[in-house]
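One file, coords_18.tsv, is given below (TSV, C-alpha atoms and all ligand atoms).
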chain	number	residue	atom	x	y	z
A	10	MET	CA	119.20	101.66	35.20
A	11	ALA	CA	120.75	104.47	37.25
A	12	LEU	CA	121.03	106.79	34.26
A	13	ARG	CA	117.92	108.80	35.07
A	14	GLY	CA	118.79	109.34	38.74
A	15	PRO	CA	120.60	112.21	40.45
A	16	LEU	CA	123.50	112.25	37.97
A	17	PHE	CA	121.09	112.66	35.10
A	18	ARG	CA	119.50	115.58	36.92
A	19	LEU	CA	122.87	117.16	37.56
A	20	LEU	CA	123.86	117.00	33.90
A	21	ARG	CA	120.52	118.18	32.60
A	22	THR	CA	120.44	121.83	31.46
A	23	PRO	CA	118.78	123.89	34.17
A	24	PHE	CA	115.84	126.25	33.71
A	25	SER	CA	116.52	129.82	32.89
A	26	GLN	CA	113.75	130.71	35.35
A	27	SER	CA	114.09	131.36	39.05
A	28	CYS	CA	111.44	128.71	39.35
A	29	GLN	CA	113.90	125.84	39.40
A	30	GLN	CA	116.69	127.21	41.65
A	31	SER	CA	117.62	125.02	44.59
A	32	ARG	CA	114.45	122.97	44.26
A	33	ALA	CA	116.11	119.60	44.57
A	34	GLN	CA	117.24	119.91	48.19
A	35	SER	CA	114.24	121.40	49.86
A	36	VAL	CA	110.65	120.17	50.22
A	37	ALA	CA	107.83	122.23	51.71
A	38	VAL	CA	104.67	120.57	53.00
A	39	LEU	CA	101.47	122.62	53.16
A	40	GLY	CA	98.13	121.37	54.51
A	41	ALA	CA	94.86	122.61	53.03
A	42	PRO	CA	92.06	121.31	55.28
A	43	PHE	CA	89.14	122.14	53.03
A	44	SER	CA	85.98	120.26	52.02
A	45	ARG	CA	83.46	122.65	50.46
A	46	GLY	CA	84.25	121.52	46.93
A	47	GLN	CA	82.07	118.47	47.58
A	48	LYS	CA	79.31	117.21	49.84
A	49	ARG	CA	80.96	114.87	52.29
A	50	ARG	CA	82.46	116.20	55.49
A	51	GLY	CA	85.74	114.72	56.67
A	52	VAL	CA	88.09	115.37	53.74
A	53	GLU	CA	89.29	118.48	55.63
A	54	HIS	CA	91.05	116.03	57.98
A	55	GLY	CA	93.18	114.68	55.14
A	56	PRO	CA	96.31	116.69	56.05
A	57	LYS	CA	96.22	115.44	59.64
A	58	VAL	CA	95.91	111.73	58.82
A	59	ILE	CA	98.58	111.95	56.13
A	60	ARG	CA	100.97	113.63	58.57
A	61	ASP	CA	100.01	111.10	61.28
A	62	ALA	CA	100.91	108.31	58.85
A	63	GLY	CA	104.51	109.56	59.02
A	64	LEU	CA	104.90	111.82	55.99
A	65	ILE	CA	107.42	114.26	57.43
A	66	GLU	CA	109.66	111.50	58.80
A	67	ARG	CA	109.58	109.66	55.48
A	68	LEU	CA	110.56	112.75	53.52
A	69	SER	CA	113.30	113.62	56.01
A	70	GLY	CA	114.73	110.15	55.40
A	71	LEU	CA	115.20	111.06	51.75
A	72	ASP	CA	117.87	113.56	50.79
A	73	TYR	CA	115.87	116.70	51.64
A	74	SER	CA	115.50	119.37	54.20
A	75	VAL	CA	111.79	119.29	54.99
A	76	HIS	CA	109.89	122.44	55.85
A	77	ASP	CA	106.46	121.80	57.30
A	78	PHE	CA	104.46	124.98	56.80
A	79	GLY	CA	101.49	123.61	58.75
A	80	ASP	CA	97.89	124.07	57.63
A	81	LEU	CA	96.19	127.04	56.03
A	82	HIS	CA	93.26	128.50	57.97
A	83	PHE	CA	90.27	128.97	55.73
A	84	HIS	CA	87.38	131.31	56.45
A	85	HIS	CA	83.88	130.10	55.77
A	86	PRO	CA	81.42	132.88	54.95
A	87	GLU	CA	78.01	132.35	56.55
A	88	MET	CA	75.97	133.00	53.43
A	89	ASP	CA	77.11	131.31	50.24
A	90	GLU	CA	74.18	130.65	47.95
A	91	PRO	CA	74.70	128.39	44.92
A	92	TYR	CA	75.31	130.15	41.63
A	93	MET	CA	74.15	128.42	38.45
A	94	GLY	CA	74.02	125.19	40.43
A	95	VAL	CA	77.62	125.59	41.65
A	96	LYS	CA	77.80	124.95	45.40
A	97	PHE	CA	79.73	127.16	47.87
A	98	PRO	CA	81.28	129.27	45.09
A	99	ARG	CA	82.56	132.10	47.34
A	100	THR	CA	83.92	129.71	49.97
A	101	VAL	CA	85.79	127.64	47.38
A	102	GLY	CA	86.97	130.75	45.52
A	103	ALA	CA	88.37	132.40	48.65
A	104	ALA	CA	90.09	129.22	49.87
A	105	ASN	CA	91.77	128.77	46.52
A	106	LYS	CA	92.87	132.37	46.40
A	107	MET	CA	94.58	131.92	49.76
A	108	LEU	CA	96.14	128.62	48.66
A	109	SER	CA	97.36	130.15	45.41
A	110	GLY	CA	99.27	132.85	47.30
A	111	ALA	CA	100.84	130.33	49.68
A	112	VAL	CA	101.90	128.00	46.86
A	113	SER	CA	103.38	130.88	44.91
A	114	ARG	CA	105.42	132.01	47.93
A	115	ALA	CA	106.71	128.51	48.67
A	116	ILE	CA	107.81	127.98	45.06
A	117	GLY	CA	109.26	131.49	44.92
A	118	ALA	CA	111.32	130.59	48.00
A	119	GLY	CA	112.83	127.67	46.08
A	120	HIS	CA	111.03	124.69	47.59
A	121	THR	CA	109.46	121.72	45.91
A	122	LEU	CA	105.95	121.80	47.35
A	123	VAL	CA	103.65	119.04	48.56
A	124	MET	CA	100.08	120.25	49.05
A	125	LEU	CA	97.89	118.02	51.22
A	126	GLY	CA	94.13	118.31	50.64
A	127	GLY	CA	91.36	118.63	51.18
A	128	ASP	CA	89.17	118.06	48.19
A	129	HIS	CA	90.27	118.41	44.58
A	130	SER	CA	88.75	121.87	44.04
A	131	LEU	CA	92.07	122.93	45.64
A	132	GLY	CA	93.73	122.13	42.33
A	133	ILE	CA	92.58	125.56	41.16
A	134	GLY	CA	94.65	127.44	43.75
A	135	SER	CA	97.56	125.06	43.69
A	136	VAL	CA	98.07	125.15	39.91
A	137	SER	CA	97.40	128.89	39.81
A	138	GLY	CA	100.00	129.68	42.49
A	139	HIS	CA	102.50	127.37	40.82
A	140	ALA	CA	101.89	129.04	37.44
A	141	GLN	CA	102.54	132.48	38.95
A	142	GLN	CA	106.13	131.37	39.50
A	143	CYS	CA	106.45	128.87	36.65
A	144	PRO	CA	104.25	129.97	33.75
A	145	ASP	CA	105.51	127.15	31.52
A	146	LEU	CA	104.48	124.33	33.85
A	147	CYS	CA	102.75	121.17	32.65
A	148	LEU	CA	100.11	119.20	34.54
A	149	ILE	CA	99.72	115.47	35.17
A	150	TRP	CA	96.29	114.74	36.64
A	151	VAL	CA	96.10	111.27	38.18
A	152	ASP	CA	92.47	110.53	38.98
A	153	ALA	CA	89.49	108.27	38.39
A	154	HIS	CA	87.73	111.47	37.27
A	155	ALA	CA	88.56	114.15	34.73
A	156	ASP	CA	87.37	117.04	36.99
A	157	VAL	CA	86.85	119.18	33.89
A	158	ASN	CA	83.11	119.84	34.16
A	159	THR	CA	82.01	123.43	33.63
A	160	PRO	CA	79.13	124.75	35.74
A	161	MET	CA	76.89	123.92	32.75
A	162	THR	CA	78.02	120.31	32.32
A	163	SER	CA	78.45	119.44	36.02
A	164	PRO	CA	75.98	116.77	37.12
A	165	SER	CA	76.57	117.57	40.80
A	166	GLY	CA	77.41	121.26	41.12
A	167	ASN	CA	80.43	120.22	43.21
A	168	LEU	CA	83.52	122.26	42.45
A	169	HIS	CA	85.90	119.32	43.04
A	170	GLY	CA	84.54	118.00	39.72
A	171	GLN	CA	85.41	121.27	37.93
A	172	PRO	CA	88.93	122.54	38.77
A	173	VAL	CA	90.52	121.77	35.39
A	174	ALA	CA	87.83	123.83	33.60
A	175	PHE	CA	89.10	126.92	35.42
A	176	MET	CA	92.66	126.32	34.21
A	177	LEU	CA	92.17	125.68	30.51
A	178	LYS	CA	92.46	128.67	28.18
A	179	GLU	CA	90.37	126.92	25.54
A	180	LEU	CA	87.37	126.67	27.89
A	181	GLN	CA	87.13	130.26	29.01
A	182	ASP	CA	84.27	131.23	26.72
A	183	LYS	CA	82.29	128.39	28.37
A	184	MET	CA	82.99	129.59	31.92
A	185	PRO	CA	80.47	131.98	33.52
A	186	ASP	CA	81.62	134.59	36.03
A	187	ILE	CA	81.25	132.67	39.25
A	188	PRO	CA	81.28	134.72	42.46
A	189	GLY	CA	84.54	134.13	44.35
A	190	PHE	CA	86.58	133.44	41.21
A	191	SER	CA	87.19	136.87	39.71
A	192	TRP	CA	90.88	136.52	40.70
A	193	THR	CA	91.44	133.39	38.55
A	194	LYS	CA	92.85	133.33	35.09
A	195	PRO	CA	93.39	130.30	32.87
A	196	VAL	CA	97.03	129.23	32.89
A	197	LEU	CA	97.11	126.07	30.78
A	198	SER	CA	96.56	124.99	27.20
A	199	SER	CA	95.02	121.60	26.53
A	200	ARG	CA	98.36	120.28	25.25
A	201	ASP	CA	99.97	121.01	28.64
A	202	LEU	CA	97.81	118.43	30.42
A	203	VAL	CA	97.74	114.62	30.59
A	204	TYR	CA	95.22	112.52	32.55
A	205	ILE	CA	96.06	109.09	33.94
A	206	GLY	CA	93.68	106.60	35.57
A	207	LEU	CA	90.30	107.80	34.25
A	208	ARG	CA	87.29	105.50	34.58
A	209	ASP	CA	84.34	107.73	35.51
A	210	VAL	CA	84.01	110.52	32.97
A	211	ASP	CA	80.77	112.52	32.59
A	212	PRO	CA	79.31	113.04	29.07
A	213	GLY	CA	80.20	116.76	29.01
A	214	GLU	CA	83.73	115.99	30.15
A	215	TYR	CA	84.16	113.43	27.39
A	216	HIS	CA	83.18	116.03	24.82
A	217	ILE	CA	85.58	118.58	26.25
A	218	MET	CA	88.49	116.10	26.25
A	219	LYS	CA	87.75	115.02	22.69
A	220	ASN	CA	87.11	118.51	21.30
A	221	LEU	CA	90.27	119.92	22.84
A	222	GLY	CA	92.37	116.89	21.94
A	223	ILE	CA	93.54	116.38	25.51
A	224	GLN	CA	95.92	113.45	25.98
A	225	TYR	CA	94.42	110.97	28.44
A	226	PHE	CA	94.92	107.40	29.60
A	227	THR	CA	91.93	105.57	31.02
A	228	MET	CA	92.32	102.42	33.10
A	229	ARG	CA	91.53	100.53	29.90
A	230	ASP	CA	94.51	102.22	28.24
A	231	ILE	CA	96.70	101.17	31.17
A	232	ASP	CA	95.40	97.59	30.79
A	233	ARG	CA	96.22	97.68	27.09
A	234	LEU	CA	99.55	99.50	27.02
A	235	GLY	CA	100.94	98.89	30.48
A	236	ILE	CA	101.95	101.65	32.89
A	237	GLN	CA	105.49	101.75	31.50
A	238	ARG	CA	104.34	102.76	28.02
A	239	VAL	CA	101.72	105.13	29.45
A	240	MET	CA	104.42	107.03	31.35
A	241	GLU	CA	106.72	107.07	28.35
A	242	VAL	CA	104.02	108.64	26.16
A	243	THR	CA	102.93	111.01	28.94
A	244	LEU	CA	106.40	112.40	29.57
A	245	ASP	CA	107.17	112.54	25.89
A	246	HIS	CA	103.95	114.45	25.20
A	247	LEU	CA	104.72	117.03	27.89
A	248	LEU	CA	108.51	117.30	27.82
A	249	ALA	CA	109.79	116.34	24.38
A	250	ARG	CA	109.76	119.90	23.04
A	251	LYS	CA	111.22	121.39	26.20
A	252	GLN	CA	112.05	120.49	29.78
A	253	ARG	CA	109.65	122.27	32.12
A	254	PRO	CA	108.30	122.09	35.66
A	255	ILE	CA	105.78	119.37	36.41
A	256	HIS	CA	102.68	119.83	38.53
A	257	LEU	CA	101.42	116.43	39.68
A	258	SER	CA	97.84	116.52	40.96
A	259	PHE	CA	97.19	113.14	42.55
A	260	ASP	CA	93.66	112.24	43.60
A	261	ILE	CA	93.84	109.22	45.91
A	262	ASP	CA	90.71	107.82	44.20
A	263	ALA	CA	92.91	107.02	41.19
A	264	PHE	CA	93.85	103.92	43.20
A	265	ASP	CA	91.57	100.94	43.40
A	266	PRO	CA	89.11	101.29	46.31
A	267	SER	CA	90.54	98.09	47.80
A	268	LEU	CA	93.76	100.08	48.40
A	269	ALA	CA	92.29	103.54	49.06
A	270	PRO	CA	88.84	103.02	50.57
A	271	ALA	CA	88.74	106.27	52.59
A	272	THR	CA	87.72	108.66	49.82
A	273	GLY	CA	84.50	110.35	48.74
A	274	THR	CA	83.96	109.21	45.17
A	275	ALA	CA	85.55	105.76	44.94
A	276	VAL	CA	85.29	103.93	41.60
A	277	ASN	CA	86.11	100.25	41.08
A	278	GLY	CA	88.92	99.14	38.81
A	279	GLY	CA	91.64	101.61	39.75
A	280	LEU	CA	95.43	101.68	39.82
A	281	THR	CA	97.31	98.88	41.53
A	282	TYR	CA	99.89	99.72	44.16
A	283	ARG	CA	102.73	98.98	41.77
A	284	GLU	CA	101.24	101.04	38.96
A	285	GLY	CA	100.95	104.01	41.33
A	286	ILE	CA	104.50	103.62	42.55
A	287	TYR	CA	105.93	103.16	39.05
A	288	LEU	CA	104.04	106.22	37.82
A	289	THR	CA	105.45	108.40	40.60
A	290	GLU	CA	108.97	106.97	40.26
A	291	GLU	CA	108.94	107.96	36.61
A	292	ILE	CA	107.86	111.48	37.50
A	293	HIS	CA	110.65	111.75	40.06
A	294	ASN	CA	113.18	110.49	37.55
A	295	THR	CA	112.50	113.44	35.26
A	296	GLY	CA	113.99	115.70	37.95
A	297	LEU	CA	111.25	118.19	37.07
A	298	LEU	CA	108.61	117.73	39.77
A	299	SER	CA	107.86	121.13	41.22
A	300	VAL	CA	104.46	120.83	42.95
A	301	MET	CA	102.51	117.77	44.00
A	302	ASP	CA	98.92	117.76	45.31
A	303	LEU	CA	97.65	114.76	47.26
A	304	VAL	CA	93.91	115.14	47.66
A	305	GLU	CA	90.61	113.47	48.59
A	306	VAL	CA	91.78	111.36	51.55
A	307	ASN	CA	88.69	111.36	53.79
A	308	PRO	CA	89.24	109.63	57.15
A	309	MET	CA	85.51	109.80	57.96
A	310	LEU	CA	84.70	107.44	55.10
A	311	GLY	CA	86.84	104.41	55.91
A	312	ALA	CA	84.81	101.45	57.18
A	313	ASN	CA	87.18	101.17	60.14
A	314	HIS	CA	90.49	102.41	61.50
A	315	GLU	CA	92.51	100.03	59.31
A	316	ALA	CA	90.84	101.30	56.13
A	317	VAL	CA	91.73	104.88	57.03
A	318	GLU	CA	95.32	103.99	57.92
A	319	ALA	CA	95.78	102.02	54.71
A	320	THR	CA	94.59	104.99	52.65
A	321	ALA	CA	96.77	107.50	54.51
A	322	SER	CA	99.86	105.32	54.35
A	323	LEU	CA	99.31	104.79	50.62
A	324	ALA	CA	99.24	108.59	50.30
A	325	VAL	CA	102.58	108.78	52.13
A	326	ASP	CA	104.01	106.07	49.85
A	327	VAL	CA	103.13	107.87	46.61
A	328	ILE	CA	104.39	111.21	47.93
A	329	ALA	CA	107.68	109.62	49.01
A	330	SER	CA	107.98	107.86	45.68
A	331	SER	CA	107.32	111.11	43.77
A	332	LEU	CA	110.15	112.65	45.76
A	333	GLY	CA	112.70	109.97	45.15
A	334	GLN	CA	112.14	106.99	47.38
A	335	THR	CA	113.29	104.06	45.27
A	336	ARG	CA	112.74	100.34	45.31
A	337	GLU	CA	116.38	99.70	44.49
A	338	GLY	CA	117.73	101.03	47.76
A	339	ALA	CA	118.32	104.14	49.83
A	340	HIS	CA	120.02	107.12	48.26
A	341	ALA	CA	119.93	109.36	51.31
A	342	SER	CA	123.15	110.79	52.69
A	343	ILE	CA	124.33	109.80	56.16
A	344	GLY	CA	123.42	113.03	57.92
A	345	VAL	CA	119.66	113.50	57.70
A	346	PRO	CA	118.75	117.20	57.53
A	347	PRO	CA	116.53	118.35	60.41
A	348	VAL	CA	112.83	119.12	60.03
A	349	LYS	CA	112.25	122.85	60.13
A	350	ASN	CA	108.98	124.28	61.26
A	351	ASP	CA	108.33	127.27	59.04
A	352	THR	CA	104.66	127.89	59.68
A	353	GLU	CA	105.28	131.56	60.46
A	354	GLN	CA	106.98	132.35	57.18
A	355	LEU	CA	103.96	131.45	55.09
A	356	ARG	CA	101.22	132.90	57.30
A	357	ILE	CA	98.77	135.04	55.44
A	401	LIG	N1	87.83	115.15	42.63
A	401	LIG	C1	86.87	114.27	42.55
A	401	LIG	N2	86.87	113.20	43.30
A	401	LIG	N3	85.92	114.49	41.66
A	401	LIG	C2	84.73	113.69	41.47
A	401	LIG	C3	83.85	114.29	40.42
A	401	LIG	C4	82.60	113.50	40.22
A	401	LIG	C5	81.70	114.02	39.10
A	401	LIG	N4	82.36	113.92	37.83
A	401	LIG	C6	81.28	115.48	39.36
A	401	LIG	O1	81.49	116.34	38.59
A	401	LIG	O2	80.71	115.75	40.38
A	402	MN	MN	88.59	111.61	41.64
A	403	MN	MN	89.83	114.56	41.43

Translate the structure described by the file into structure tokens.
Ligand SMILES: NC(=[NH2+])NCCC[C@H](N)C(=O)O
Ligand SMILES: [Mn+2]
Ligand SMILES: [Mn+2]
Amino acid sequence: MALRGPLFRLLRTPFSQSCQQSRAQSVAVLGAPFSRGQKRRGVEHGPKVIRDAGLIERLSGLDYSVHDFGDLHFHHPEMDEPYMGVKFPRTVGAANKMLSGAVSRAIGAGHTLVMLGGDHSLGIGSVSGHAQQCPDLCLIWVDAHADVNTPMTSPSGNLHGQPVAFMLKELQDKMPDIPGFSWTKPVLSSRDLVYIGLRDVDPGEYHIMKNLGIQYFTMRDIDRLGIQRVMEVTLDHLLARKQRPIHLSFDIDAFDPSLAPATGTAVNGGLTYREGIYLTEEIHNTGLLSVMDLVEVNPMLGANHEAVEATASLAVDVIASSLGQTREGAHASIGVPPVKNDTEQLRI
């Protein structure tokens, strides 16, 4: 069973691109305290509660040097009128532009990056910054929702339900020029994306997924096939032709609300703990994870303190698992590398 571990990664042919350099040894953590992609306040405190749940210590216990770049500081313009029903377009656009630059610099510096949200509109900046350094990346979107509404199909006008629409080349003729987003350009084709965990898909989103032939696994598919087969098909779909960097965008609402109650758009019937851990273990075992987003943890929405802590510690567990924590035992070397505080380096 150890065949896909570190030895496998060592033997694997490396990327020709600078994008994969010394990635394996160094993890950067970047907080993005941002909530204007949706209505509920509180999701901007996600980075704090995930750090408070012990993220940095957990990652340091794995075989990494951990660089905590702190949180980005977003500016909120006073006037930001909706545009075609889209709420806070300039605020969301500017935040994502800043995030995109920071992600690009962290990846350019050779780190594997963990981005802590914040709401899922941040996927726009995170994937865009990643693609600047790694144009051949592929995207695994783990979520109850498809987040691929266009401004025309969105039932809510919330940009956290639309990030994937900004990324897909095939959708660009359906995307109006939204103020705040002139800097974006689509970086993905529909075949570069796989969804896992879907169970609340809007009618317009369903049409987009079907028309573009996007590979997706709903919770029903996971019930039918099992998570093992789902991951096999997912990784085969994305990596069979060529090994390339993986962007994992993990919305905590992919999990069942009994496990992750502190989130804004919870939907019953989500991933079990073991499905989530298996999924992330499989991604780690590819040796190709380059950026991971962990979004939509909202500490103001837990019924009580325990609910919030459970959600945050689940977030820490899936991040650690994505980065190599195993259930078969510790692989860390004896000397644990120190935590470096590199906030200054990434300041904008
Ligand atoms: N990232 C999320 N939690 N997205 C929820 C999206 C909900 C709904 N589909 C919408 O467009 O508003
Ligand atoms: Mn979601
Ligand atoms: Mn989402």

Item to check | Nearest residue to A:Pro42 from the set A:Leu131, A:Leu71, A:Ala249, A:Ala316 (distances using only C-alpha atoms) | outcome: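 Nearest to A:Pro42: A:Leu131.
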
Which residues of chain A have any atom within 6 Å of an atom in ligand MN 403 (chain A) when counting only C-alpha atoms and all ligand atoms, and what is the closest pair of atoms for each, with the distance in Å to one decimal? Order the rows by chain and rising number and write it as CSV.
residue,atom,partner,partner_atom,distance
A:His129,CA,A:MN403,MN,5.0
A:Asp152,CA,A:MN403,MN,5.4
A:His154,CA,A:MN403,MN,5.6
A:Asp156,CA,A:MN403,MN,5.6
A:Asp260,CA,A:MN403,MN,5.0

Checklist entry - Looking at all atoms listed in the file, which of A:Ser191, A:Asn105, A:Ser199, A:Thr121 is the one that sits closest to A:Val38? => result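 Of all the options, A:Thr121 lies closest to A:Val38.
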
Checklist entry - atom CA of A:Leu332 and atom CA of A:Ala41 are how many Å apart? => result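 It comes out at 19.6 Å.
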
Next on the checklist: Distance limit 9 Å, reference ligand MN 402 (chain A), atoms considered: all atoms listed in the file. Which residues make the cut? Give them as number ranges by chain.
Outcome noted: A: 129, 151-156, 169-170, 207, 209, 259-263, 272-276, 304-305

Next on the checklist: Report as JSON, numbers by chain all protein, DNA and RNA residues lying within 6 Å of A:Gly55, evaluated on only C-alpha atoms, omitting residues in the same chain fewer than 3 positions from it.
Outcome noted: {"A": [52, 58, 126, 127, 306, 307]}

Next on the checklist: as number ranges by chain, please: the residues near A:Ser267 (cut-off 9 Å, all atoms listed in the file, same-chain neighbours under 2 positions excluded).
Outcome noted: A: 264-265, 269-270, 277, 279, 316

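The space between atom CA of A:Gln224 and atom CA of A:Ile292 spans 16.7 Å.
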
Item to check | Distance query A:Leu298 at most 7 Å, all atoms listed in the file, self and fewer than 3 positions along chain excluded, as an MDAnalysis selection string | outcome: chainID A and resid 254:256 292:293

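Residue nearest A:Leu247, chosen from A:Ser135, A:Asp201, A:Pro195, A:Gly51 and counting all atoms listed in the file: A:Asp201.
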
Checklist entry - Out of A:Arg253, A:Ile149, A:Ile205, A:Tyr92, which residue has the shortest atom-to-atom distance to A:Arg238 when counting all atoms listed in the file? => result A:Ile205

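If you look at atom CA of A:Pro266 and atom CA of A:Gly311, they are 10.3 Å away from each other.
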
Checklist entry - Pick from A:Leu122, A:Ala62, A:Leu202, A:Ala312: nearest to A:Met218, with all atoms listed in the file counted? => result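 Between A:Leu122, A:Ala62, A:Leu202, A:Ala312, the residue approaching A:Met218 most closely is A:Leu202.
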
Residue completion, stretch 112-132 of chain A, N, CA and C atoms, as a compact mmCIF listing (two decimals), in the frame of the given file:
# COMPACT_ATOMS: atom_id res chain seq x y z
N VAL A 112 101.13 128.84 47.77
CA VAL A 112 101.90 128.00 46.86
C VAL A 112 102.93 128.84 46.11
N SER A 113 102.48 130.00 45.65
CA SER A 113 103.38 130.88 44.91
C SER A 113 104.58 131.29 45.78
N ARG A 114 104.32 131.62 47.04
CA ARG A 114 105.42 132.01 47.93
C ARG A 114 106.38 130.86 48.19
N ALA A 115 105.84 129.66 48.39
CA ALA A 115 106.71 128.51 48.67
C ALA A 115 107.60 128.19 47.46
N ILE A 116 107.02 128.25 46.26
CA ILE A 116 107.81 127.98 45.06
C ILE A 116 108.81 129.11 44.82
N GLY A 117 108.35 130.34 45.06
CA GLY A 117 109.26 131.49 44.92
C GLY A 117 110.45 131.39 45.86
N ALA A 118 110.24 130.75 47.02
CA ALA A 118 111.32 130.59 48.00
C ALA A 118 112.24 129.42 47.64
N GLY A 119 111.92 128.71 46.57
CA GLY A 119 112.83 127.67 46.08
C GLY A 119 112.54 126.26 46.52
N HIS A 120 111.38 126.05 47.16
CA HIS A 120 111.03 124.69 47.59
C HIS A 120 110.33 123.91 46.48
N THR A 121 110.44 122.59 46.57
CA THR A 121 109.46 121.72 45.91
C THR A 121 108.31 121.63 46.89
N LEU A 122 107.07 121.74 46.41
CA LEU A 122 105.95 121.80 47.35
C LEU A 122 105.05 120.57 47.27
N VAL A 123 104.68 120.07 48.46
CA VAL A 123 103.65 119.04 48.56
C VAL A 123 102.43 119.66 49.23
N MET A 124 101.32 119.70 48.51
CA MET A 124 100.08 120.25 49.05
C MET A 124 99.16 119.09 49.45
N LEU A 125 98.77 119.07 50.72
CA LEU A 125 97.89 118.02 51.22
C LEU A 125 96.46 118.54 51.31
N GLY A 126 95.53 117.92 50.55
CA GLY A 126 94.13 118.31 50.64
C GLY A 126 93.46 117.47 51.70
N GLY A 127 92.24 117.75 51.92
CA GLY A 127 91.36 118.63 51.18
C GLY A 127 90.84 117.97 49.90
N ASP A 128 89.75 118.59 49.42
CA ASP A 128 89.17 118.06 48.19
C ASP A 128 89.85 118.65 46.95
N HIS A 129 89.50 118.09 45.78
CA HIS A 129 90.27 118.41 44.58
C HIS A 129 89.95 119.77 43.96
N SER A 130 88.95 120.49 44.52
CA SER A 130 88.75 121.87 44.04
C SER A 130 90.02 122.69 44.32
N LEU A 131 90.83 122.24 45.29
CA LEU A 131 92.07 122.93 45.64
C LEU A 131 93.08 122.94 44.50
N GLY A 132 92.87 122.11 43.51
CA GLY A 132 93.73 122.13 42.33
C GLY A 132 93.77 123.51 41.68
